[in-house]
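Novice: Encoded as structure tokens, here's the structure I'll be asking about.
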Amino acid sequence: MVEFYTSLHPILQGVLKGLAVILVIFPIGGACSMAERKVSAWIQGRPGPNRAIVPWFAWVPFLGRFLQRLGIFHVMADGGKMLFKEDALPGHVNKFYFVLAPIIAMMLAFTTVTAVPFGAYLDAAGKVIPIALANVDIGLLAVFAVASLGVYSLILAGWASNSTDPFLGSVRASAQLISYELSMTLSVLPVFLWVNAPGLEATLGLGRVVEFQSQPGLIGGAWFVFFMPVSAFIFLTSLFAETNRQPFDMSESEADLVGGFHTEYGAFKWGLFFVAEYAHMVVGSGVFTLLFLGGWNPLPWIPLATAVEWLTPLSPLALHPIFVGLLSIGIFLAKVLALIFFFMWVRWTVPRFRYDQVMEIGWKKLLPLSIANLLCYAIAIAVIQK
């Protein structure tokens, strides 16, 4: 199968990769929408979505009612409503840019997925090879460069709506994203100062970061969340702001902006914005996992290769590249889903900041902290690696 895929024309390979991204991210977006409501219901002590059911599933013993109470059929109902509901186009909007904005949001969200490795396998020599749609040396730079363009879709949506509240929401979004991008970028520099040790080929690839968290020894096998906790804290806080998640959802604040930049949107176009938001959450959680949580390594000081060695006596298939790849993808997804749950937990626990507080945290708290953190680690790494 691998040989057949590699023999295809590069354009056809690109098309298949694009379809794979769409077929994975759209269902994840729908599942996150359902999970968001179930998590909020659990935190608030209420049942949540548990009534919708396909009629013939009600006759299936146990399984039908279990899926109904889990809320699975609400995802199907929401997807059908989003696709077939009348997609009204207000008369006062700039129609071309109004339609273009959610398309840009989706394109950028899908593009960032391609540069994030989501698993690994062992080659014939026992070396760990990352699995990614585009395993490039500028991996993190590509993710940051494309993700930072996402603000243009919000600005375009607010401006094209020709309405006060959406425009204010888009302005807030642009100011917030610019404010926290600086801290986020500075927070990851200590990581790449450490992994680009003297004598090694320089790279911004995320696979190298996981490789440095897979080495033997007390420091070599430690996840960077223990080694660089301040960087992890700054990155995670900035990630909340970059994905417009509460308590940083200033661009969607319904208390004073009705709904923010998407007030005039409905049906499918409205859904695209939120699928893009969940896609950014998935990518951001994946990047955080690779940078600070060991990537596809199951536990601190236990890399993937060691776990495979432990499983080999149980079955010789444990060394097969497909099994190792599926195992690594499962470990990686488990960490990503745990972070997405944390996003939802914070949303329904922490109250929203005021806009002036958001700006103060970004410029007066996180930015000085990230600069001081970078200086401290730069000096420490220079002394250690000298």
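Ordering of the structure tokens sets the chain letters (A, B, ...), residue numbers begin anew at 1 in every chain, and ligands are numbered from 1 in the order given.
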What's around Val15 in chain A at 12 Å? Count only C-alpha atoms, leave out sequence neighbours fewer than 6 positions away in its own chain, and write the answer as an mmCIF file with C-alpha atoms, in the first residue's frame.

Specialist:
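File produced: selection-v6.cif:
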data_model
loop_
_atom_site.group_PDB
_atom_site.id
_atom_site.type_symbol
_atom_site.label_atom_id
_atom_site.label_comp_id
_atom_site.auth_asym_id
_atom_site.auth_seq_id
_atom_site.Cartn_x
_atom_site.Cartn_y
_atom_site.Cartn_z
ATOM 1 C CA TYR A 5 0.882 5.641 -2.652
ATOM 2 C CA LEU A 8 1.240 8.264 -7.449
ATOM 3 C CA HIS A 9 1.735 11.674 -9.051
ATOM 4 C CA VAL A 21 -7.431 16.463 6.431
ATOM 5 C CA ILE A 22 -11.032 17.417 5.602
ATOM 6 C CA LEU A 133 1.545 15.272 5.843
#

Novice: Extract the full set of helix (DSSP H, G or I) residues from range 277-332 of chain A according to DSSP on the backbone, and format it as a PyMOL selection string.

Specialist: chain A and resi 277-292+304-311+316-319+321-332

Novice: Based on the selection just made, write C-alpha atoms of those residues as a JSON list (two decimals), in the first residue's frame.

Specialist:
[["chain", "number", "residue", "atom", "x", "y", "z"],
["A", 277, "GLU", "CA", -11.93, 27.36, 15.76],
["A", 278, "TYR", "CA", -11.95, 23.72, 16.83],
["A", 279, "ALA", "CA", -9.35, 22.94, 14.15],
["A", 280, "HIS", "CA", -7.09, 25.63, 15.64],
["A", 281, "MET", "CA", -7.67, 24.07, 19.07],
["A", 282, "VAL", "CA", -6.64, 20.66, 17.74],
["A", 283, "VAL", "CA", -3.53, 22.02, 16.02],
["A", 284, "GLY", "CA", -2.58, 24.17, 19.03],
["A", 285, "SER", "CA", -3.03, 21.21, 21.39],
["A", 286, "GLY", "CA", -0.96, 19.08, 19.03],
["A", 287, "VAL", "CA", 1.87, 21.63, 18.94],
["A", 288, "PHE", "CA", 1.79, 21.95, 22.75],
["A", 289, "THR", "CA", 1.93, 18.16, 23.02],
["A", 290, "LEU", "CA", 4.96, 17.99, 20.72],
["A", 291, "LEU", "CA", 6.78, 20.85, 22.43],
["A", 292, "PHE", "CA", 6.12, 20.12, 26.09],
["A", 304, "LEU", "CA", 8.09, 5.12, 22.09],
["A", 305, "ALA", "CA", 10.98, 2.78, 21.18],
["A", 306, "THR", "CA", 11.16, 1.49, 24.77],
["A", 307, "ALA", "CA", 7.40, 0.87, 24.86],
["A", 308, "VAL", "CA", 7.67, -1.10, 21.61],
["A", 309, "GLU", "CA", 10.51, -3.19, 23.08],
["A", 310, "TRP", "CA", 8.30, -4.05, 26.06],
["A", 311, "LEU", "CA", 5.46, -5.12, 23.76],
["A", 316, "PRO", "CA", 6.17, -10.08, 17.03],
["A", 317, "LEU", "CA", 3.73, -7.74, 15.28],
["A", 318, "ALA", "CA", 4.68, -5.04, 17.80],
["A", 319, "LEU", "CA", 7.68, -4.17, 15.60],
["A", 321, "PRO", "CA", 5.65, -0.15, 11.22],
["A", 322, "ILE", "CA", 1.85, -0.05, 10.92],
["A", 323, "PHE", "CA", 1.36, -1.18, 14.54],
["A", 324, "VAL", "CA", 3.97, 1.26, 15.82],
["A", 325, "GLY", "CA", 2.40, 4.05, 13.76],
["A", 326, "LEU", "CA", -1.09, 3.34, 15.10],
["A", 327, "LEU", "CA", 0.25, 3.11, 18.66],
["A", 328, "SER", "CA", 2.04, 6.45, 18.38],
["A", 329, "ILE", "CA", -0.99, 8.12, 16.81],
["A", 330, "GLY", "CA", -3.19, 6.78, 19.62],
["A", 331, "ILE", "CA", -0.83, 8.13, 22.30],
["A", 332, "PHE", "CA", -0.61, 11.51, 20.55]]

Novice: So which one's closest to Gly29 in chain A, A:Ile361, A:Ala109, A:Ala378, A:Val275? Using only C-alpha atoms, please.

Specialist: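 When distances to Gly29 in chain A are compared using only C-alpha atoms, the smallest one comes from A:Val275.
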
Novice: Which residue is closest to Thr237 in chain A? Choose from A:Lys85, A:Arg51, A:Lys365, A:Lys38 and count only C-alpha atoms.

Specialist: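 Nearest to Thr237 in chain A: A:Lys365.
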
Novice: Extract, using only C-alpha atoms, all DNA, RNA and protein residues at most 12 Å from Gly91 in chain A, discarding same-chain residues fewer than 2 positions from it, and format them as a list in words.

Specialist: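 Near neighbours after the sequence-gap exclusion: Ala88, Leu89, Val93, Asn94, Lys95, Phe96, Phe98, Ala160, Ser161, Asn162, Ser163 and Glu264 of chain A.
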
Novice: Once you have the residues from the selection above, write them out as a CSV table (one decimal), in the first residue's frame, restricted to N, CA and C atoms.

Specialist:
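Writing done, so here's part35.csv:
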chain,number,residue,atom,x,y,z
A,88,ALA,N,-29.2,32.3,4.7
A,88,ALA,CA,-29.6,33.7,4.3
A,88,ALA,C,-28.4,34.6,4.1
A,89,LEU,N,-28.5,35.5,3.2
A,89,LEU,CA,-27.4,36.5,2.9
A,89,LEU,C,-28.0,37.9,3.1
A,93,VAL,N,-24.8,43.6,3.6
A,93,VAL,CA,-23.4,43.2,3.7
A,93,VAL,C,-22.7,43.3,2.3
A,94,ASN,N,-21.3,43.3,2.4
A,94,ASN,CA,-20.5,43.2,1.2
A,94,ASN,C,-20.4,41.7,0.8
A,95,LYS,N,-21.3,41.3,-0.1
A,95,LYS,CA,-21.5,39.9,-0.3
A,95,LYS,C,-20.3,39.1,-0.6
A,96,PHE,N,-19.4,39.5,-1.5
A,96,PHE,CA,-18.3,38.7,-1.9
A,96,PHE,C,-17.3,38.5,-0.7
A,98,PHE,N,-18.1,38.8,2.4
A,98,PHE,CA,-18.9,38.2,3.5
A,98,PHE,C,-18.8,36.7,3.3
A,160,ALA,N,-16.9,43.2,6.4
A,160,ALA,CA,-17.9,42.9,5.3
A,160,ALA,C,-19.3,42.9,5.8
A,161,SER,N,-19.5,42.7,7.2
A,161,SER,CA,-20.9,42.7,7.7
A,161,SER,C,-21.5,44.1,7.7
A,162,ASN,N,-20.7,45.1,7.6
A,162,ASN,CA,-21.3,46.5,7.6
A,162,ASN,C,-22.2,46.7,8.8
A,163,SER,N,-21.7,46.3,9.9
A,163,SER,CA,-22.5,46.4,11.2
A,163,SER,C,-21.5,46.7,12.3
A,264,GLU,N,-23.8,38.4,12.0
A,264,GLU,CA,-24.6,38.4,10.8
A,264,GLU,C,-24.6,37.1,10.0

Novice: Just to confirm, what's the straight-line distance from CA of Asp87 in chain A to CA of Leu70 in chain A in Å (one decimal)?

Specialist: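 Computing the Euclidean distance for CA of Asp87 in chain A and CA of Leu70 in chain A yields 29.2 Å.
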
Novice: Can you work out which one of A:Leu141, A:Ile379, A:Leu193, A:Met107 has the shortest atom-to-atom distance to Phe273 in chain A, counting only C-alpha atoms?

Specialist: A:Met107

Novice: For the interface of range 215-245 of chain A with range 175-183 of chain A (cut-off 7 Å, counting only C-alpha atoms), please tabulate each contacting residue of range 215-245 of chain A alongside its nearest pair of atoms and their separation in Å to one decimal, rows sorted by chain and increasing number, as a Markdown table.

Specialist:
| residue | atom | partner | partner_atom | distance |
| --- | --- | --- | --- | --- |
| A:Ile234 | CA | A:Ser183 | CA | 6.9 |
| A:Ser238 | CA | A:Tyr180 | CA | 5.4 |
| A:Ala241 | CA | A:Tyr180 | CA | 6.7 |
| A:Glu242 | CA | A:Leu177 | CA | 5.5 |

Novice: For CA of Gly207 in chain A and CA of Gly139 in chain A, quote the distance in Å rounded to one decimal.

Specialist: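 A separation of 8.6 Å between them.
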
Novice: When you look at Val128 in chain A with a cut-off of 9 Å (counting only C-alpha atoms), what residues show up, excluding the ones that are within fewer than 4 positions of it in the same chain? I need them as a list in words.

Specialist: Ala120, Tyr121, Leu122, Asp123, Glu211, Leu304 and Ala305 of chain A

Novice: Skip range 52-59 of chain A itself and residues of its chain fewer than 3 positions away, then list as a PyMOL selection string all residues within 7 Å of it, counting only C-alpha atoms.

Specialist: chain A and resi 64-65+68+73-74

Novice: Could you please determine the separation between CA of Asn196 in chain A and CA of Asp137 in chain A in Å, to one decimal place?

Specialist: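 The value is 12.0 Å.
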
Novice: Counting only C-alpha atoms, which residue out of A:Ile371, A:Leu239, A:Ala267, A:Val225 sits closest to Ser148 in chain A?

Specialist: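 Checking each candidate against Ser148 in chain A, we get A:Leu239 as the closest.
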
Novice: I need the residue nearest Glu36 in chain A from this list: A:Ala232, A:Ile138, A:Leu16, A:Val75. Use only C-alpha atoms for the distance.

Specialist: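 Nearest candidate to Glu36 in chain A out of A:Ala232, A:Ile138, A:Leu16, A:Val75: A:Val75.
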
Novice: Using backbone DSSP assignments, extract all strand (DSSP E) residues from range 94-133 of chain A; output them as a list of chain:residue names.

Specialist: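 Listing strand (DSSP E) positions across range 94-133 of chain A yields A:Gly119, A:Ala120, A:Tyr121, A:Leu122, A:Val128, A:Ile129, A:Pro130, A:Ile131.
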